[in-house]
Amino acid sequence: MATLDLRGMGIDQSLIDILHDIIDLSDEQDKSSHQAPSRAYVRDAKAMTATPADVIEYPNAYVYIIDMPGLKKDQIKVHMEDNMLVVSGERKREREKEKEVKEGIKYIRMERRLGKYLKKFVLPENADPEKISAVYQDGVLTATVEKKKPPEPKKPKSIEVHVA
């Protein structure tokens, strides 16, 4: 399929973004008789795939390291859903700067990642969902989930023997 450069034709970027979403959705639709996935599902699935992450297990915690470049602290959300740690955020194009100099703007190349960042992690059974912390620095979010303390080993119980 040939690629058409709409930017070079003077078409507004917001219209290009909408068209891009529509085209992406149609590419993902199931050709069988099943209902096509919802737009939100497709968007989330793409975001999950495009958001890189590392998971490290330490003796006392699990550490989730997620690349989320270009986001500000208030654009990042970390929360729990059932037994799942969910990390999300969204980076949008800076339209304020474009509005100031609307005339003469022409994108030569657009490679920086825009859109939704999303990762979901099913927590291991020994993870403590009440003890989660998150730090965002230099475009990297580090979420730490402490492990539950292992149960105390049962001490042997002495049974008194009675004489009958």
# chains A, B, ... in the order shown; residues from 1 in each chain; ligands from 1
$ residues_around --residues "Pro129 of chain A" --least-positions-apart "4" --cutoff "12 Å" --atoms "only C-alpha atoms" --output "ChimeraX atom specification"
/A:61-62,79-86,121-125,133,143-148
$ atom_distance --atom1 "atom CA of Gly70 of chain A" --atom2 "atom CA of Pro52 of chain A"
14.2 Å
